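S.K.: You'll find input_28.cif just under this line, and it carries mmCIF, N, CA and C atoms.
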```cif
data_protein
#
loop_
_atom_site.label_atom_id
_atom_site.label_comp_id
_atom_site.auth_asym_id
_atom_site.auth_seq_id
_atom_site.Cartn_x
_atom_site.Cartn_y
_atom_site.Cartn_z
N MET A 232 0.82 -1.20 0.00
CA MET A 232 0.00 0.00 0.00
C MET A 232 0.86 1.26 0.00
N LEU A 233 1.97 1.18 0.74
CA LEU A 233 2.87 2.32 0.81
C LEU A 233 3.46 2.64 -0.56
N VAL A 234 3.78 1.60 -1.32
CA VAL A 234 4.33 1.80 -2.66
C VAL A 234 3.33 2.55 -3.54
N LEU A 235 2.06 2.19 -3.44
CA LEU A 235 1.02 2.86 -4.22
C LEU A 235 0.93 4.34 -3.85
N ILE A 236 1.02 4.64 -2.59
CA ILE A 236 0.96 6.03 -2.12
C ILE A 236 2.17 6.81 -2.64
N ILE A 237 3.34 6.19 -2.58
CA ILE A 237 4.56 6.86 -3.06
C ILE A 237 4.47 7.10 -4.55
N GLN A 238 4.04 6.09 -5.31
CA GLN A 238 3.93 6.23 -6.76
C GLN A 238 2.90 7.29 -7.14
N THR A 239 1.80 7.34 -6.43
CA THR A 239 0.77 8.35 -6.68
C THR A 239 1.32 9.75 -6.40
N ALA A 240 2.07 9.88 -5.31
CA ALA A 240 2.69 11.17 -4.98
C ALA A 240 3.66 11.59 -6.07
N ARG A 241 4.44 10.64 -6.59
CA ARG A 241 5.38 10.96 -7.66
C ARG A 241 4.65 11.37 -8.93
N LEU A 242 3.54 10.70 -9.22
CA LEU A 242 2.75 11.05 -10.40
C LEU A 242 2.25 12.49 -10.30
N PHE A 243 1.71 12.85 -9.15
CA PHE A 243 1.20 14.21 -8.97
C PHE A 243 2.32 15.24 -9.00
N LYS A 244 3.49 14.88 -8.47
CA LYS A 244 4.64 15.77 -8.53
C LYS A 244 5.04 16.00 -9.99
N SER A 245 5.06 14.93 -10.78
CA SER A 245 5.38 15.06 -12.20
C SER A 245 4.33 15.88 -12.93
N LEU A 246 3.07 15.67 -12.60
CA LEU A 246 2.00 16.46 -13.24
C LEU A 246 2.17 17.94 -12.93
N GLY A 247 2.61 18.26 -11.72
CA GLY A 247 2.88 19.64 -11.37
C GLY A 247 4.01 20.23 -12.19
N ARG A 248 5.07 19.44 -12.39
CA ARG A 248 6.19 19.91 -13.23
C ARG A 248 5.76 20.07 -14.67
N ILE A 249 4.94 19.14 -15.15
CA ILE A 249 4.44 19.23 -16.52
C ILE A 249 3.60 20.49 -16.69
N ALA A 250 2.75 20.75 -15.72
CA ALA A 250 1.89 21.94 -15.79
C ALA A 250 2.70 23.22 -15.78
N ALA A 251 3.89 23.18 -15.20
CA ALA A 251 4.73 24.37 -15.15
C ALA A 251 5.57 24.55 -16.41
N SER A 252 5.66 23.51 -17.23
CA SER A 252 6.48 23.61 -18.44
C SER A 252 5.66 24.16 -19.61
N ASP A 253 6.33 24.80 -20.55
CA ASP A 253 5.65 25.34 -21.73
C ASP A 253 5.00 24.22 -22.54
N GLU A 254 5.75 23.13 -22.73
CA GLU A 254 5.21 22.00 -23.50
C GLU A 254 3.98 21.41 -22.81
N GLY A 255 4.07 21.23 -21.51
CA GLY A 255 2.94 20.68 -20.76
C GLY A 255 1.72 21.58 -20.80
N GLN A 256 1.96 22.87 -20.70
CA GLN A 256 0.84 23.81 -20.76
C GLN A 256 0.19 23.79 -22.13
N GLY A 257 1.02 23.71 -23.17
CA GLY A 257 0.47 23.69 -24.53
C GLY A 257 -0.37 22.46 -24.79
N VAL A 258 0.19 21.29 -24.50
CA VAL A 258 -0.54 20.05 -24.74
C VAL A 258 -1.75 19.96 -23.82
N GLY A 259 -1.57 20.35 -22.56
CA GLY A 259 -2.67 20.32 -21.61
C GLY A 259 -3.83 21.22 -22.01
N MET A 260 -3.49 22.43 -22.46
CA MET A 260 -4.53 23.36 -22.90
C MET A 260 -5.27 22.84 -24.13
N LEU A 261 -4.52 22.28 -25.09
CA LEU A 261 -5.17 21.73 -26.28
C LEU A 261 -6.07 20.55 -25.92
N LEU A 262 -5.62 19.70 -25.01
CA LEU A 262 -6.45 18.57 -24.60
C LEU A 262 -7.69 19.04 -23.86
N ALA A 263 -7.54 20.02 -22.97
CA ALA A 263 -8.69 20.57 -22.26
C ALA A 263 -9.67 21.23 -23.23
N LEU A 264 -9.13 21.97 -24.20
CA LEU A 264 -9.98 22.61 -25.21
C LEU A 264 -10.73 21.55 -26.02
N GLN A 265 -10.04 20.49 -26.37
CA GLN A 265 -10.67 19.40 -27.12
C GLN A 265 -11.85 18.81 -26.33
N LEU A 266 -11.63 18.57 -25.04
CA LEU A 266 -12.70 18.00 -24.19
C LEU A 266 -13.88 18.96 -24.06
N VAL A 267 -13.58 20.23 -23.83
CA VAL A 267 -14.65 21.21 -23.64
C VAL A 267 -15.44 21.41 -24.93
N LEU A 268 -14.74 21.57 -26.05
CA LEU A 268 -15.46 21.76 -27.32
C LEU A 268 -16.28 20.53 -27.69
N GLY A 269 -15.73 19.35 -27.43
CA GLY A 269 -16.48 18.13 -27.69
C GLY A 269 -17.74 18.05 -26.84
N ALA A 270 -17.59 18.36 -25.56
CA ALA A 270 -18.74 18.31 -24.66
C ALA A 270 -19.81 19.32 -25.06
N VAL A 271 -19.39 20.52 -25.44
CA VAL A 271 -20.35 21.54 -25.89
C VAL A 271 -21.08 21.04 -27.14
N PHE A 272 -20.33 20.49 -28.09
CA PHE A 272 -20.94 19.98 -29.31
C PHE A 272 -21.98 18.90 -29.00
N TYR A 273 -21.61 17.90 -28.23
CA TYR A 273 -22.54 16.79 -27.96
C TYR A 273 -23.75 17.26 -27.15
N HIS A 274 -23.51 18.22 -26.26
CA HIS A 274 -24.62 18.76 -25.49
C HIS A 274 -25.62 19.47 -26.42
N GLN A 275 -25.10 20.26 -27.34
CA GLN A 275 -25.95 21.05 -28.24
C GLN A 275 -26.57 20.20 -29.36
N VAL A 276 -25.76 19.41 -30.03
CA VAL A 276 -26.22 18.70 -31.22
C VAL A 276 -26.95 17.41 -30.88
N GLU A 277 -26.40 16.64 -29.95
CA GLU A 277 -27.01 15.36 -29.60
C GLU A 277 -28.04 15.50 -28.47
N GLY A 278 -28.01 16.65 -27.79
CA GLY A 278 -28.97 16.88 -26.71
C GLY A 278 -28.66 16.10 -25.44
N TRP A 279 -27.39 15.73 -25.26
CA TRP A 279 -27.00 14.97 -24.07
C TRP A 279 -26.81 15.91 -22.89
N ARG A 280 -26.96 15.35 -21.69
CA ARG A 280 -26.66 16.11 -20.47
C ARG A 280 -25.16 16.41 -20.46
N TRP A 281 -24.76 17.44 -19.69
CA TRP A 281 -23.35 17.83 -19.64
C TRP A 281 -22.47 16.68 -19.17
N VAL A 282 -22.90 16.00 -18.13
CA VAL A 282 -22.06 14.91 -17.60
C VAL A 282 -21.93 13.80 -18.64
N ASP A 283 -22.98 13.51 -19.39
CA ASP A 283 -22.90 12.49 -20.44
C ASP A 283 -21.98 12.94 -21.57
N SER A 284 -22.02 14.21 -21.88
CA SER A 284 -21.17 14.75 -22.95
C SER A 284 -19.69 14.63 -22.59
N PHE A 285 -19.33 15.05 -21.37
CA PHE A 285 -17.94 14.93 -20.93
C PHE A 285 -17.53 13.46 -20.82
N TYR A 286 -18.42 12.65 -20.28
CA TYR A 286 -18.15 11.21 -20.14
C TYR A 286 -17.85 10.59 -21.49
N PHE A 287 -18.64 10.90 -22.50
CA PHE A 287 -18.43 10.36 -23.84
C PHE A 287 -17.08 10.83 -24.39
N CYS A 288 -16.76 12.09 -24.19
CA CYS A 288 -15.49 12.62 -24.69
C CYS A 288 -14.30 11.91 -24.06
N VAL A 289 -14.32 11.76 -22.75
CA VAL A 289 -13.21 11.11 -22.05
C VAL A 289 -13.14 9.63 -22.43
N ALA A 290 -14.26 8.94 -22.43
CA ALA A 290 -14.26 7.52 -22.78
C ALA A 290 -13.78 7.31 -24.22
N SER A 291 -14.11 8.22 -25.10
CA SER A 291 -13.69 8.10 -26.50
C SER A 291 -12.21 8.38 -26.67
N LEU A 292 -11.72 9.46 -26.06
CA LEU A 292 -10.31 9.83 -26.23
C LEU A 292 -9.37 8.85 -25.55
N THR A 293 -9.83 8.18 -24.51
CA THR A 293 -9.00 7.16 -23.87
C THR A 293 -9.14 5.83 -24.58
N THR A 294 -9.92 5.79 -25.62
CA THR A 294 -10.21 4.62 -26.47
C THR A 294 -10.89 3.50 -25.71
N VAL A 295 -11.52 3.83 -24.58
CA VAL A 295 -12.30 2.83 -23.85
C VAL A 295 -13.58 2.55 -24.63
N GLY A 296 -14.32 3.60 -24.97
CA GLY A 296 -15.50 3.48 -25.81
C GLY A 296 -16.48 2.42 -25.35
N TYR A 297 -17.14 2.63 -24.24
CA TYR A 297 -18.07 1.65 -23.69
C TYR A 297 -19.22 1.33 -24.64
N GLY A 298 -19.62 2.27 -25.45
CA GLY A 298 -20.71 2.04 -26.38
C GLY A 298 -22.09 2.33 -25.83
N ASP A 299 -22.16 2.81 -24.59
CA ASP A 299 -23.46 3.13 -24.01
C ASP A 299 -24.04 4.42 -24.57
N LEU A 300 -23.20 5.30 -25.05
CA LEU A 300 -23.63 6.52 -25.73
C LEU A 300 -23.03 6.51 -27.13
N THR A 301 -23.85 6.82 -28.11
CA THR A 301 -23.36 6.92 -29.49
C THR A 301 -24.09 8.07 -30.17
N PRO A 302 -23.38 8.81 -31.02
CA PRO A 302 -24.04 9.91 -31.74
C PRO A 302 -25.15 9.36 -32.64
N ALA A 303 -26.29 10.04 -32.64
CA ALA A 303 -27.42 9.60 -33.44
C ALA A 303 -27.58 10.42 -34.72
N THR A 304 -27.07 11.64 -34.73
CA THR A 304 -27.23 12.51 -35.90
C THR A 304 -26.05 12.34 -36.85
N ASP A 305 -26.27 12.66 -38.11
CA ASP A 305 -25.16 12.62 -39.07
C ASP A 305 -24.08 13.62 -38.69
N GLU A 306 -24.49 14.79 -38.22
CA GLU A 306 -23.52 15.80 -37.79
C GLU A 306 -22.67 15.26 -36.64
N GLY A 307 -23.31 14.58 -35.71
CA GLY A 307 -22.60 14.00 -34.57
C GLY A 307 -21.63 12.92 -34.98
N LYS A 308 -22.01 12.12 -35.94
CA LYS A 308 -21.12 11.05 -36.42
C LYS A 308 -19.91 11.62 -37.15
N ILE A 309 -20.14 12.62 -37.99
CA ILE A 309 -19.03 13.25 -38.72
C ILE A 309 -18.09 13.96 -37.74
N PHE A 310 -18.67 14.70 -36.81
CA PHE A 310 -17.86 15.39 -35.81
C PHE A 310 -17.03 14.39 -35.01
N THR A 311 -17.63 13.28 -34.64
CA THR A 311 -16.93 12.27 -33.85
C THR A 311 -15.72 11.71 -34.58
N MET A 312 -15.86 11.49 -35.88
CA MET A 312 -14.72 10.98 -36.65
C MET A 312 -13.54 11.96 -36.59
N VAL A 313 -13.82 13.23 -36.79
CA VAL A 313 -12.76 14.24 -36.74
C VAL A 313 -12.25 14.39 -35.31
N TYR A 314 -13.16 14.40 -34.36
CA TYR A 314 -12.83 14.55 -32.95
C TYR A 314 -11.88 13.45 -32.49
N LEU A 315 -12.14 12.23 -32.89
CA LEU A 315 -11.30 11.12 -32.45
C LEU A 315 -9.93 11.15 -33.11
N VAL A 316 -9.87 11.46 -34.39
CA VAL A 316 -8.58 11.50 -35.08
C VAL A 316 -7.67 12.56 -34.45
N THR A 317 -8.21 13.71 -34.14
CA THR A 317 -7.40 14.76 -33.54
C THR A 317 -7.20 14.55 -32.04
N GLY A 318 -8.24 14.13 -31.36
CA GLY A 318 -8.19 14.03 -29.90
C GLY A 318 -7.35 12.88 -29.38
N ILE A 319 -7.38 11.74 -30.04
CA ILE A 319 -6.58 10.61 -29.56
C ILE A 319 -5.10 10.96 -29.66
N GLY A 320 -4.71 11.66 -30.72
CA GLY A 320 -3.32 12.10 -30.84
C GLY A 320 -2.92 13.02 -29.69
N LEU A 321 -3.80 13.94 -29.33
CA LEU A 321 -3.51 14.83 -28.20
C LEU A 321 -3.40 14.06 -26.90
N PHE A 322 -4.31 13.12 -26.70
CA PHE A 322 -4.30 12.32 -25.47
C PHE A 322 -3.01 11.49 -25.37
N VAL A 323 -2.61 10.88 -26.47
CA VAL A 323 -1.37 10.10 -26.49
C VAL A 323 -0.17 11.00 -26.24
N SER A 324 -0.17 12.18 -26.82
CA SER A 324 0.93 13.13 -26.60
C SER A 324 1.04 13.50 -25.13
N PHE A 325 -0.09 13.74 -24.49
CA PHE A 325 -0.08 14.06 -23.07
C PHE A 325 0.42 12.88 -22.25
N GLY A 326 -0.05 11.68 -22.58
CA GLY A 326 0.41 10.48 -21.88
C GLY A 326 1.91 10.27 -22.05
N ALA A 327 2.43 10.50 -23.25
CA ALA A 327 3.86 10.36 -23.50
C ALA A 327 4.66 11.39 -22.71
N LEU A 328 4.12 12.59 -22.59
CA LEU A 328 4.77 13.64 -21.81
C LEU A 328 4.86 13.24 -20.34
N VAL A 329 3.79 12.70 -19.80
CA VAL A 329 3.78 12.24 -18.41
C VAL A 329 4.78 11.11 -18.23
N ALA A 330 4.77 10.14 -19.14
CA ALA A 330 5.69 9.01 -19.04
C ALA A 330 7.14 9.48 -19.10
N ARG A 331 7.43 10.42 -20.00
CA ARG A 331 8.79 10.93 -20.13
C ARG A 331 9.26 11.60 -18.83
N HIS A 332 8.37 12.39 -18.24
CA HIS A 332 8.73 13.06 -16.99
C HIS A 332 8.95 12.04 -15.87
N LEU A 333 8.10 11.02 -15.80
CA LEU A 333 8.26 9.99 -14.76
C LEU A 333 9.57 9.22 -14.95
N LEU A 334 9.88 8.88 -16.19
CA LEU A 334 11.12 8.16 -16.46
C LEU A 334 12.35 9.03 -16.20
N ASP A 335 12.29 10.29 -16.59
CA ASP A 335 13.40 11.20 -16.32
C ASP A 335 13.64 11.32 -14.82
N GLU A 336 12.58 11.40 -14.06
CA GLU A 336 12.70 11.49 -12.60
C GLU A 336 13.31 10.21 -12.03
N ARG A 337 12.91 9.09 -12.55
CA ARG A 337 13.44 7.80 -12.08
C ARG A 337 14.94 7.71 -12.38
N VAL A 338 15.35 8.13 -13.57
CA VAL A 338 16.78 8.12 -13.94
C VAL A 338 17.54 9.07 -13.03
N ARG A 339 16.98 10.25 -12.80
CA ARG A 339 17.64 11.22 -11.92
C ARG A 339 17.83 10.64 -10.51
N ARG A 340 16.79 9.99 -9.99
CA ARG A 340 16.90 9.39 -8.64
C ARG A 340 17.95 8.28 -8.63
N HIS A 341 17.97 7.48 -9.67
CA HIS A 341 18.92 6.38 -9.77
C HIS A 341 20.37 6.89 -9.81
N GLU A 342 20.57 7.93 -10.63
CA GLU A 342 21.91 8.49 -10.76
C GLU A 342 22.40 9.20 -9.50
N SER A 343 21.46 9.72 -8.73
CA SER A 343 21.85 10.41 -7.49
C SER A 343 21.91 9.46 -6.31
N GLY A 344 21.53 8.18 -6.54
CA GLY A 344 21.61 7.18 -5.47
C GLY A 344 20.45 7.17 -4.51
N GLU A 345 19.37 7.88 -4.85
CA GLU A 345 18.18 7.86 -4.00
C GLU A 345 17.50 6.51 -4.08
N SER A 346 16.75 6.16 -3.04
CA SER A 346 16.02 4.88 -3.05
C SER A 346 14.81 4.97 -3.97
N ALA A 347 14.39 3.83 -4.48
CA ALA A 347 13.25 3.76 -5.38
C ALA A 347 12.01 4.03 -4.60
#
```
Can the structure in the file be given as structure tokens, please?
M.R.:
Amino acid sequence: MLVLIIQTARLFKSLGRIAASDEGQGVGMLLALQLVLGAVFYHQVEGWRWVDSFYFCVASLTTVGYGDLTPATDEGKIFTMVYLVTGIGLFVSFGALVARHLLDERVRRHESGESA
């Protein structure tokens, strides 16, 4: 359990460093914008509740895609195709940025002789 707490603390520390970096701010802002615009679109065009709209956006961009919500309009289907092509790339970029920061921190700790 202690290992989980330590790893979670390290993740949040890395997220803080990412948020402070220009690259992290850029990718983070684009990802947030993608989620917000997607949610607004689905709320307006598909008539979904806000929570359902955000839920669909997150589930889609993480490629989980439960299938419990699906666009019913042609506009919604076309938007979703474009949304996924652009959004999954942003999500992967953000994930790669987090992984890089975590690995860099691990290498730094190893080189300085700190415990894992």
S.K.: Near range 251-259 of chain A, counting all atoms listed in the file, which residues have an atom at most 6.5 Å away, once you skip same-chain residues fewer than 5 positions from it, shown as a VMD selection string?
M.R.: chain A and resid 246 264 325
S.K.: Using Å and a single decimal, report how far CA of Leu235 in chain A sits from CA of Leu333 in chain A.
M.R.: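 That distance, rounded to one decimal, is 14.6 Å.
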S.K.: Record the distance separating atom N of Gly326 in chain A and atom C of Trp281 in chain A, expressed in Å with one decimal.
M.R.: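 Rounded to one decimal, the two atoms are 23.2 Å apart.
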S.K.: For the file shown, report as a PyMOL selection string the outcome of the PyMOL selection byres ((chain A and resi 277) around 8) at residue level.
M.R.: chain A and resi 271-276+278-280+301-304+306-307
S.K.: Using Å and a single decimal, report how far CA of Thr294 in chain A sits from CA of Gln238 in chain A.
M.R.: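 Going from CA of Gln238 in chain A over to CA of Thr294 in chain A, I get 24.3 Å.
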S.K.: Using only C-alpha atoms, which protein or nucleic acid residues come within 9 Å of Ser291 in chain A? Drop anything in the same chain fewer than 4 positions from it, and give the result as a ChimeraX atom specification.
M.R.: /A:286-287,295-297,315,318-319
S.K.: Range 268-312 of chain A: which residues are alpha helix (DSSP H) by DSSP, as an NGL selection string?
M.R.: :A and (268-272 or 281-292 or 305-312)
